[in-house]
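Quick look at protein-v9.cif (mmCIF, C-alpha atoms and all ligand atoms):
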data_structure
loop_
_atom_site.group_PDB
_atom_site.id
_atom_site.type_symbol
_atom_site.label_atom_id
_atom_site.label_comp_id
_atom_site.auth_asym_id
_atom_site.auth_seq_id
_atom_site.Cartn_x
_atom_site.Cartn_y
_atom_site.Cartn_z
ATOM 1 C CA MET A 1 89.945 82.876 132.314
ATOM 2 C CA GLY A 2 86.253 83.241 131.681
ATOM 3 C CA TYR A 3 84.636 85.635 129.288
ATOM 4 C CA ARG A 4 81.325 86.241 127.655
ATOM 5 C CA LYS A 5 81.206 84.391 124.365
ATOM 6 C CA PRO A 6 79.959 86.274 121.319
ATOM 7 C CA ILE A 7 76.974 84.502 119.831
ATOM 8 C CA SER A 8 79.015 83.598 116.740
ATOM 9 C CA GLU A 9 81.321 81.439 118.887
ATOM 10 C CA MET A 10 78.591 79.628 120.759
ATOM 11 C CA THR A 11 77.547 76.088 119.994
ATOM 12 C CA ARG A 12 74.171 75.783 118.316
ATOM 13 C CA GLU A 13 72.546 74.761 121.624
ATOM 14 C CA GLU A 14 74.030 77.700 123.526
ATOM 15 C CA ALA A 15 73.056 80.204 120.852
ATOM 16 C CA GLU A 16 69.559 78.744 120.745
ATOM 17 C CA ALA A 17 69.233 79.040 124.540
ATOM 18 C CA VAL A 18 70.239 82.714 124.411
ATOM 19 C CA ARG A 19 67.832 83.362 121.534
ATOM 20 C CA ARG A 20 65.037 81.634 123.430
ATOM 21 C CA LEU A 21 65.682 83.955 126.333
ATOM 22 C CA ALA A 22 65.673 86.978 124.035
ATOM 23 C CA ARG A 23 62.298 85.953 122.576
ATOM 24 C CA ARG A 24 60.840 85.433 126.021
ATOM 25 C CA GLN A 25 62.255 88.795 127.056
ATOM 26 C CA SER A 26 60.526 90.609 124.218
ATOM 27 C CA TYR A 27 57.286 88.878 125.094
ATOM 28 C CA LEU A 28 57.662 89.906 128.713
ATOM 29 C CA GLN A 29 58.486 93.452 127.731
ATOM 30 C CA ALA A 30 55.334 93.556 125.645
ATOM 31 C CA ALA A 31 53.415 92.130 128.585
ATOM 32 C CA GLY A 32 54.928 94.707 130.935
ATOM 33 C CA LYS A 33 56.945 92.205 132.990
ATOM 34 C CA ALA A 34 60.368 93.074 131.631
ATOM 35 C CA GLY A 35 63.372 91.885 133.487
ATOM 36 C CA LEU A 36 62.051 88.792 135.221
ATOM 37 C CA ILE A 37 61.932 85.399 133.564
ATOM 38 C CA ASP A 38 61.487 81.723 134.311
ATOM 39 C CA PRO A 39 64.692 80.563 136.048
ATOM 40 C CA THR A 40 64.700 76.959 134.741
ATOM 41 C CA GLU A 41 67.569 77.357 132.303
ATOM 42 C CA ALA A 42 69.689 79.425 134.661
ATOM 43 C CA ILE A 43 69.217 76.803 137.378
ATOM 44 C CA ALA A 44 70.099 73.981 134.976
ATOM 45 C CA ARG A 45 73.264 75.831 133.986
ATOM 46 C CA ILE A 46 74.390 76.267 137.607
ATOM 47 C CA ARG A 47 73.637 72.623 138.413
ATOM 48 C CA TYR A 48 75.541 71.454 135.357
ATOM 49 C CA LEU A 49 78.573 73.565 136.274
ATOM 50 C CA HIS A 50 78.550 72.847 139.991
ATOM 51 C CA ASP A 51 77.264 69.281 140.260
ATOM 52 C CA GLY A 52 78.332 68.032 136.859
ATOM 53 C CA ARG A 53 81.713 69.672 136.381
ATOM 54 C CA GLY A 54 82.838 70.522 139.891
ATOM 55 C CA VAL A 55 83.008 74.293 139.362
ATOM 56 C CA THR A 56 82.759 76.112 142.683
ATOM 57 C CA PHE A 57 80.049 78.712 143.269
ATOM 58 C CA ARG A 58 82.755 81.337 143.686
ATOM 59 C CA GLU A 59 84.189 80.443 140.322
ATOM 60 C CA ILE A 60 80.770 80.712 138.699
ATOM 61 C CA GLU A 61 80.448 84.131 140.325
ATOM 62 C CA ARG A 62 83.866 85.224 139.085
ATOM 63 C CA VAL A 63 83.338 84.137 135.492
ATOM 64 C CA SER A 64 79.681 85.083 135.019
ATOM 65 C CA GLY A 65 79.597 88.215 137.148
ATOM 66 C CA VAL A 66 76.395 86.968 138.824
ATOM 67 C CA THR A 67 76.532 87.451 142.587
ATOM 68 C CA LEU A 68 77.152 84.512 144.885
ATOM 69 C CA ARG A 69 73.845 85.274 146.591
ATOM 70 C CA SER A 70 71.852 84.923 143.355
ATOM 71 C CA ILE A 71 73.736 81.777 142.430
ATOM 72 C CA HIS A 72 72.973 80.187 145.797
ATOM 73 C CA ARG A 73 69.341 81.210 145.629
ATOM 74 C CA LEU A 74 68.908 79.717 142.156
ATOM 75 C CA TYR A 75 70.830 76.576 143.039
ATOM 76 C CA ARG A 76 68.736 75.909 146.119
ATOM 77 C CA GLY A 77 65.630 76.170 143.985
ATOM 78 C CA GLY A 78 64.130 78.989 146.024
ATOM 79 C CA ALA A 79 63.683 81.302 143.044
ATOM 80 C CA MET A 80 60.411 81.520 141.123
ATOM 81 C CA SER A 81 61.981 83.881 138.621
ATOM 82 C CA CYS A 82 65.318 85.390 137.781
ATOM 83 C CA ARG A 83 66.524 88.505 136.033
ATOM 84 C CA TYR A 84 66.926 88.211 132.296
ATOM 85 C CA ALA A 85 70.454 89.637 132.561
ATOM 86 C CA THR A 86 71.331 87.008 135.168
ATOM 87 C CA ALA A 87 70.208 84.153 132.940
ATOM 88 C CA VAL A 88 72.112 85.520 129.941
ATOM 89 C CA ALA A 89 75.255 85.982 132.048
ATOM 90 C CA LEU A 90 75.063 82.387 133.285
ATOM 91 C CA LEU A 91 74.323 80.849 129.902
ATOM 92 C CA GLY A 92 76.963 82.920 128.120
ATOM 93 C CA ALA A 93 79.793 82.564 130.657
ATOM 94 C CA ARG A 94 82.485 80.314 129.309
ATOM 95 C CA PHE A 95 84.765 78.143 131.449
ATOM 96 C CA GLU A 96 88.182 76.875 130.477
ATOM 97 C CA PHE A 97 87.141 73.242 130.347
ATOM 98 C CA GLU A 98 84.283 73.864 127.943
ATOM 99 C CA GLY A 99 85.330 72.906 124.452
ATOM 100 C CA GLN A 100 88.142 70.796 125.855
ATOM 101 C CA SER A 101 87.514 67.845 128.092
ATOM 102 C CA TRP A 102 91.022 67.171 129.369
ATOM 103 C CA LEU A 103 94.443 68.617 130.212
ATOM 104 C CA PRO A 104 97.812 66.845 130.009
ATOM 105 C CA ARG A 105 98.130 65.195 133.399
ATOM 106 C CA TYR A 106 101.684 66.399 134.079
ATOM 107 C CA ARG A 107 100.466 70.009 134.221
ATOM 108 C CA VAL A 108 98.041 69.049 136.966
ATOM 109 C CA THR A 109 100.300 66.579 138.769
ATOM 110 C CA ARG A 110 103.288 68.934 138.983
ATOM 111 C CA ARG A 111 101.112 71.546 140.625
ATOM 112 C CA LEU A 112 99.507 69.110 143.040
ATOM 113 C CA HIS A 113 102.922 67.801 144.076
ATOM 114 C CA ALA A 114 104.269 71.308 144.551
ATOM 115 C CA LEU A 115 101.300 72.270 146.719
ATOM 116 C CA VAL A 116 101.629 69.128 148.833
ATOM 117 C CA ALA A 117 105.381 69.783 149.141
ATOM 118 C CA ALA A 118 104.488 73.228 150.488
ATOM 119 C CA GLY A 119 102.368 71.543 153.147
ATOM 120 C CA PHE A 120 98.835 71.761 151.743
ATOM 121 C CA SER A 121 97.114 68.453 152.544
ATOM 122 C CA TRP A 122 95.238 66.383 149.957
ATOM 123 C CA LYS A 123 92.169 66.956 152.093
ATOM 124 C CA TYR A 124 92.514 70.748 151.983
ATOM 125 C CA LEU A 125 93.150 70.707 148.230
ATOM 126 C CA ALA A 126 90.189 68.397 147.572
ATOM 127 C CA GLU A 127 87.905 70.693 149.551
ATOM 128 C CA ARG A 128 89.116 73.774 147.711
ATOM 129 C CA LEU A 129 88.649 72.046 144.356
ATOM 130 C CA GLY A 130 85.254 70.586 145.161
ATOM 131 C CA THR A 131 86.521 67.119 144.330
ATOM 132 C CA THR A 132 87.433 63.997 146.290
ATOM 133 C CA ILE A 133 90.743 63.032 147.875
ATOM 134 C CA ASP A 134 90.623 59.818 145.826
ATOM 135 C CA ILE A 135 90.540 61.616 142.505
ATOM 136 C CA LEU A 136 93.355 63.970 143.510
ATOM 137 C CA HIS A 137 95.425 61.209 144.945
ATOM 138 C CA ARG A 138 95.066 59.067 141.846
ATOM 139 C CA SER A 139 96.163 61.913 139.620
ATOM 140 C CA GLY A 140 98.962 62.828 141.996
ATOM 141 C CA THR A 141 100.395 59.330 142.210
ATOM 142 C CA THR A 142 99.875 57.847 138.749
ATOM 143 C CA PRO A 143 103.208 58.007 136.945
ATOM 144 C CA GLY A 144 103.788 58.749 133.295
ATOM 145 C CA PRO A 145 101.839 60.696 130.714
ATOM 146 C CA GLY A 146 98.084 60.805 130.661
ATOM 147 C CA LYS A 147 95.095 63.024 130.894
ATOM 148 C CA ALA A 148 93.305 64.762 133.723
ATOM 149 C CA ALA A 149 89.657 65.682 133.368
ATOM 150 C CA ALA A 150 89.624 69.385 132.581
ATOM 151 C CA SER A 151 86.612 69.870 134.839
ATOM 152 C CA TRP A 152 88.796 69.787 137.932
ATOM 153 C CA GLY A 153 92.240 69.945 136.268
ATOM 154 C CA ALA A 154 91.606 73.560 135.303
ATOM 155 C CA GLY A 155 90.691 74.148 138.941
ATOM 156 C CA VAL A 156 94.111 72.863 140.016
ATOM 157 C CA LEU A 157 95.825 75.351 137.690
ATOM 158 C CA ARG A 158 93.827 78.214 139.134
ATOM 159 C CA LEU A 159 94.294 77.080 142.715
ATOM 160 C CA TYR A 160 98.048 76.811 142.188
ATOM 161 C CA ASP A 161 98.164 80.432 141.021
ATOM 162 C CA GLU A 162 96.072 81.471 143.965
ATOM 163 C CA LEU A 163 98.219 79.619 146.519
ATOM 164 C CA GLU A 164 101.563 80.320 144.894
ATOM 165 C CA ARG A 165 102.751 82.637 147.667
ATOM 166 C CA VAL A 166 100.443 81.413 150.394
ATOM 167 C CA ASP A 167 101.658 79.652 153.535
ATOM 168 C CA PRO A 168 99.438 76.681 154.505
ATOM 169 C CA LEU A 169 99.536 77.957 158.103
ATOM 170 C CA ASP A 170 97.661 81.035 156.902
ATOM 171 C CA VAL A 171 94.716 79.016 155.605
ATOM 172 C CA GLY A 172 94.015 77.298 158.896
ATOM 173 C CA MET A 173 96.202 74.197 158.692
ATOM 174 C CA SER A 174 97.974 73.254 161.907
ATOM 175 C CA VAL A 175 101.752 73.227 162.381
ATOM 176 C CA ASN A 176 101.601 69.468 162.930
ATOM 177 C CA SER A 177 99.675 68.609 159.827
ATOM 178 C CA VAL A 178 101.777 70.935 157.667
ATOM 179 C CA SER A 179 104.952 69.242 158.831
ATOM 180 C CA ARG A 180 103.413 65.789 158.363
ATOM 181 C CA VAL A 181 102.293 66.641 154.817
ATOM 182 C CA ARG A 182 105.701 68.099 153.984
ATOM 183 C CA SER A 183 107.502 64.993 155.132
ATOM 184 C CA ILE A 184 105.181 62.772 153.078
ATOM 185 C CA ALA A 185 105.975 64.938 150.052
ATOM 186 C CA ARG A 186 109.668 64.703 150.794
ATOM 187 C CA ARG A 187 109.524 60.913 151.100
ATOM 188 C CA ASN A 188 107.733 60.737 147.762
ATOM 189 C CA GLY A 189 110.168 63.135 146.095
ATOM 190 C CA PHE A 190 107.473 65.683 145.171
ATOM 191 C CA PRO A 191 109.222 68.720 143.652
ATOM 192 C CA PRO A 192 108.305 71.900 145.563
ATOM 193 C CA ARG A 193 107.215 75.194 144.023
ATOM 194 C CA SER A 194 110.787 76.466 143.979
ATOM 195 C CA CYS A 195 111.712 73.756 141.420
ATOM 196 C CA TRP A 196 109.500 75.334 138.790
ATOM 197 C CA ASP A 197 109.077 78.651 137.074
ATOM 198 C CA PRO A 198 106.334 79.782 134.708
ATOM 199 C CA ASP A 199 108.419 78.748 131.681
ATOM 200 C CA THR A 200 109.026 75.202 132.832
ATOM 201 C CA ILE A 201 105.965 74.018 134.724
ATOM 202 C CA ASP A 202 103.874 73.586 131.561
ATOM 203 C CA ASP A 203 106.751 72.370 129.398
ATOM 204 C CA SER A 204 106.500 68.598 129.013
ATOM 205 C CA GLU A 205 110.250 68.333 128.298
ATOM 206 C CA ALA A 206 111.350 70.343 131.335
ATOM 207 C CA ILE A 207 112.560 68.667 134.519
ATOM 208 C CA PRO A 208 112.131 70.096 138.018
ATOM 209 C CA GLU A 209 115.203 72.079 138.994
ATOM 210 C CA TRP A 210 116.118 71.160 142.581
ATOM 211 C CA THR A 211 119.822 71.972 142.526
ATOM 212 C CA GLY A 212 120.466 74.317 139.641
ATOM 213 C CA GLU A 213 122.402 71.467 138.013
ATOM 214 C CA CYS A 214 119.741 68.777 137.779
ATOM 215 C CA GLY A 215 120.266 66.029 135.229
ATOM 216 C CA THR A 216 124.059 66.065 135.724
ATOM 217 C CA THR A 217 126.498 64.308 138.073
ATOM 218 C CA GLU A 218 127.186 67.697 139.657
ATOM 219 C CA GLY A 219 123.452 67.919 140.431
ATOM 220 C CA ASN A 220 123.638 64.455 141.969
ATOM 221 C CA HIS A 221 126.510 65.649 144.183
ATOM 222 C CA ILE A 222 124.555 68.744 145.314
ATOM 223 C CA HIS A 223 121.508 66.625 146.208
ATOM 224 C CA ARG A 224 123.645 64.486 148.509
ATOM 225 C CA ARG A 225 125.754 67.303 149.892
ATOM 226 C CA ASP A 226 122.756 69.495 150.779
ATOM 227 C CA ASN A 227 120.398 66.660 151.725
ATOM 228 C CA ILE A 228 117.923 67.521 148.961
ATOM 229 C CA PRO A 229 115.657 64.599 147.961
ATOM 230 C CA MET A 230 117.257 62.889 144.969
ATOM 231 C CA CYS A 231 115.581 63.531 141.634
ATOM 232 C CA GLU A 232 115.249 60.993 138.852
ATOM 233 C CA PRO A 233 117.368 62.835 136.218
ATOM 234 C CA CYS A 234 120.247 63.188 138.706
ATOM 235 C CA ARG A 235 119.963 59.540 139.710
ATOM 236 C CA ARG A 236 120.168 58.577 136.032
ATOM 237 C CA ALA A 237 123.149 60.860 135.401
ATOM 238 C CA GLN A 238 125.072 59.221 138.229
ATOM 239 C CA ALA A 239 124.107 55.706 137.057
ATOM 240 C CA ALA A 240 125.259 56.532 133.524
ATOM 241 C CA LEU A 241 128.631 57.741 134.868
ATOM 242 C CA ARG A 242 129.060 54.569 136.885
ATOM 243 C CA ALA A 243 128.187 52.385 133.873
ATOM 244 C CA GLU A 244 130.693 54.321 131.792
ATOM 245 C CA ARG A 245 133.443 53.783 134.363
ATOM 246 C CA ARG A 246 132.703 50.077 134.559
ATOM 247 C CA ALA A 247 132.885 49.772 130.785
ATOM 248 C CA LYS A 248 136.447 51.172 130.747
HETATM 249 ZN ZN ZN B 1 118.430 66.753 140.533
#
Can the structure in the file be given as structure tokens, please?
Amino acid sequence: MGYRKPISEMTREEAEAVRRLARRQSYLQAAGKAGLIDPTEAIARIRYLHDGRGVTFREIERVSGVTLRSIHRLYRGGAMSCRYATAVALLGARFEFEGQSWLPRYRVTRRLHALVAAGFSWKYLAERLGTTIDILHRSGTTPGPGKAAASWGAGVLRLYDELERVDPLDVGMSVNSVSRVRSIARRNGFPPRSCWDPDTIDDSEAIPEWTGECGTTEGNHIHRRDNIPMCEPCRRAQAALRAERRAK
């Protein structure tokens, strides 16, 4: 998801920062100190990403190619200098949210619901995303269309991919809390992962497919027969049938 931006695609500020580094580098080369530079800009970049946009250190490592160890060292302020290549990698690494400040909320909410339905707690998800339970919960429970801040919304998309085939018991959650979280999800009608496929989860028109017949009276019947939490399209289909019968 991240890649090194060519200078032609950078904003003026980014391009200027890279050029500043290049100028300093040629000075240092001339002065015989090639390779090591003032770390101020690299540190500012890490702080912006981590503190300002909620990007995890691991994610910064993955996208920039700079090692976790260097990132930590710079972040903690213990570095008097950093490698030129490190600074360029950090300043040039591009994250999905940059250039776009939001994602449609349904893309984020559907994934959060599916993860909770699988048994991952809000607390676990918030920790993994470097955000707060409040923010997640608000996004996960606000109905209707809307926007999610891309800073952490993009993180939800990535985390969903990462956890797609993972059992919450394998990440250290207890049997009790998994079953508690699952029953909360069930009570709230959160569609589980099995209701979605890659073609539907990002399609605003698609509905979660619980029964194979969702949105029809047959779907409504299957929900009740198999004790599957009722979904809104099936509830509406049944209500429409009843209204039709009454009208006759
Ligand atoms: Zn249904």
- Task: Select, from A:Ile207, A:Leu21, A:Ala154, A:Leu125, the residue with the minimum atom-to-atom distance to ligand ZN 1 (chain B), counting all atoms listed in the file.
- Result: A:Ile207
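Going from atom CA of Ser70 of chain A to atom CA of Leu36 of chain A covers 13.3 Å.
Taking atom CA of Gly189 of chain A as the reference point, atom CA of Arg224 of chain A is found at 13.8 Å.
In this comparison, which uses all atoms listed in the file, the residue of A:Arg53, A:Arg138, A:Arg107, A:Arg186 approaching Asp202 of chain A most closely is A:Arg107.
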- Message: Starting from the PyMOL selection byres (((chain A and resi 45-52) around 12) and not hetatm), expand the selection into actual residues of this file and give them as a PyMOL selection string.
- Response: chain A and resi 14+17+39-44+53-61+63-64+66+68+70-77+86-98+129-131+151-152
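Inspection of the environment of ligand ZN 1 (chain B), which uses only C-alpha atoms and all ligand atoms and a cut-off of 8 Å, identifies the neighbouring residues as Pro208, Glu209, Trp210, Thr211, Gly212, Glu213, Cys214, Gly215, Thr216, Gly219, Asn220, His223, Met230, Cys231, Glu232, Pro233, Cys234 and Arg235 of chain A.
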- Query: How many Å lie between atom CA of Asp199 of chain A and atom CA of Asp167 of chain A, rounded to one decimal?
  - Reply: 22.9 Å
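Of the listed residues (A:Ser121, A:Thr217, A:Ser204, A:Ser139), A:Ser121 comes nearest to Val178 of chain A; the distances count all atoms listed in the file.
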- At most 8 Å from (96.5, 69.1, 131.7), file frame, all atoms listed in the file: which residues, as a ChimeraX atom specification? /A:102-108,147-150,153-154
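The closest residue to Pro168 of chain A, picked from A:Cys195, A:Ala206, A:Ala118, A:Ile133 and counting only C-alpha atoms, is A:Ala118.
Residues surrounding segment 170-174 of chain A within 9 Å are Gly119, Phe120, Ser121, Tyr124 and Ser179 of chain A [only C-alpha atoms; sequence separation below 5 positions excluded].
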- With all atoms listed in the file as the atoms that count, which of A:Asp134, A:Ile184, A:Asp38, A:Thr109 lies nearest to Met80 of chain A? A:Asp38
With a distance cut-off of 9 Å and all atoms listed in the file, select the neighbouring residues of Arg111 of chain A, excluding the residue or stretch itself and same-chain residues fewer than 2 positions from it, and output the selection as a PDB file with C-alpha atoms, in the coordinates of the input.
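What follows is the written file around23.pdb:
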ATOM      1  CA  TYR A 106     101.684  66.399 134.079  1.00  0.00           C
ATOM      2  CA  ARG A 107     100.466  70.009 134.221  1.00  0.00           C
ATOM      3  CA  VAL A 108      98.041  69.049 136.966  1.00  0.00           C
ATOM      4  CA  THR A 109     100.300  66.579 138.769  1.00  0.00           C
ATOM      5  CA  HIS A 113     102.922  67.801 144.076  1.00  0.00           C
ATOM      6  CA  ALA A 114     104.269  71.308 144.551  1.00  0.00           C
ATOM      7  CA  LEU A 115     101.300  72.270 146.719  1.00  0.00           C
ATOM      8  CA  VAL A 116     101.629  69.128 148.833  1.00  0.00           C
ATOM      9  CA  VAL A 156      94.111  72.863 140.016  1.00  0.00           C
ATOM     10  CA  LEU A 157      95.825  75.351 137.690  1.00  0.00           C
ATOM     11  CA  TYR A 160      98.048  76.811 142.188  1.00  0.00           C
ATOM     12  CA  PRO A 192     108.305  71.900 145.563  1.00  0.00           C
ATOM     13  CA  ARG A 193     107.215  75.194 144.023  1.00  0.00           C
ATOM     14  CA  ILE A 201     105.965  74.018 134.724  1.00  0.00           C
TER      15      ILE A 201
END
- Using only C-alpha atoms, pick whichever of A:Leu241, A:Lys123, A:Ala22, A:Leu169 has the shortest atom-to-atom distance to Glu218 of chain A. A:Leu241
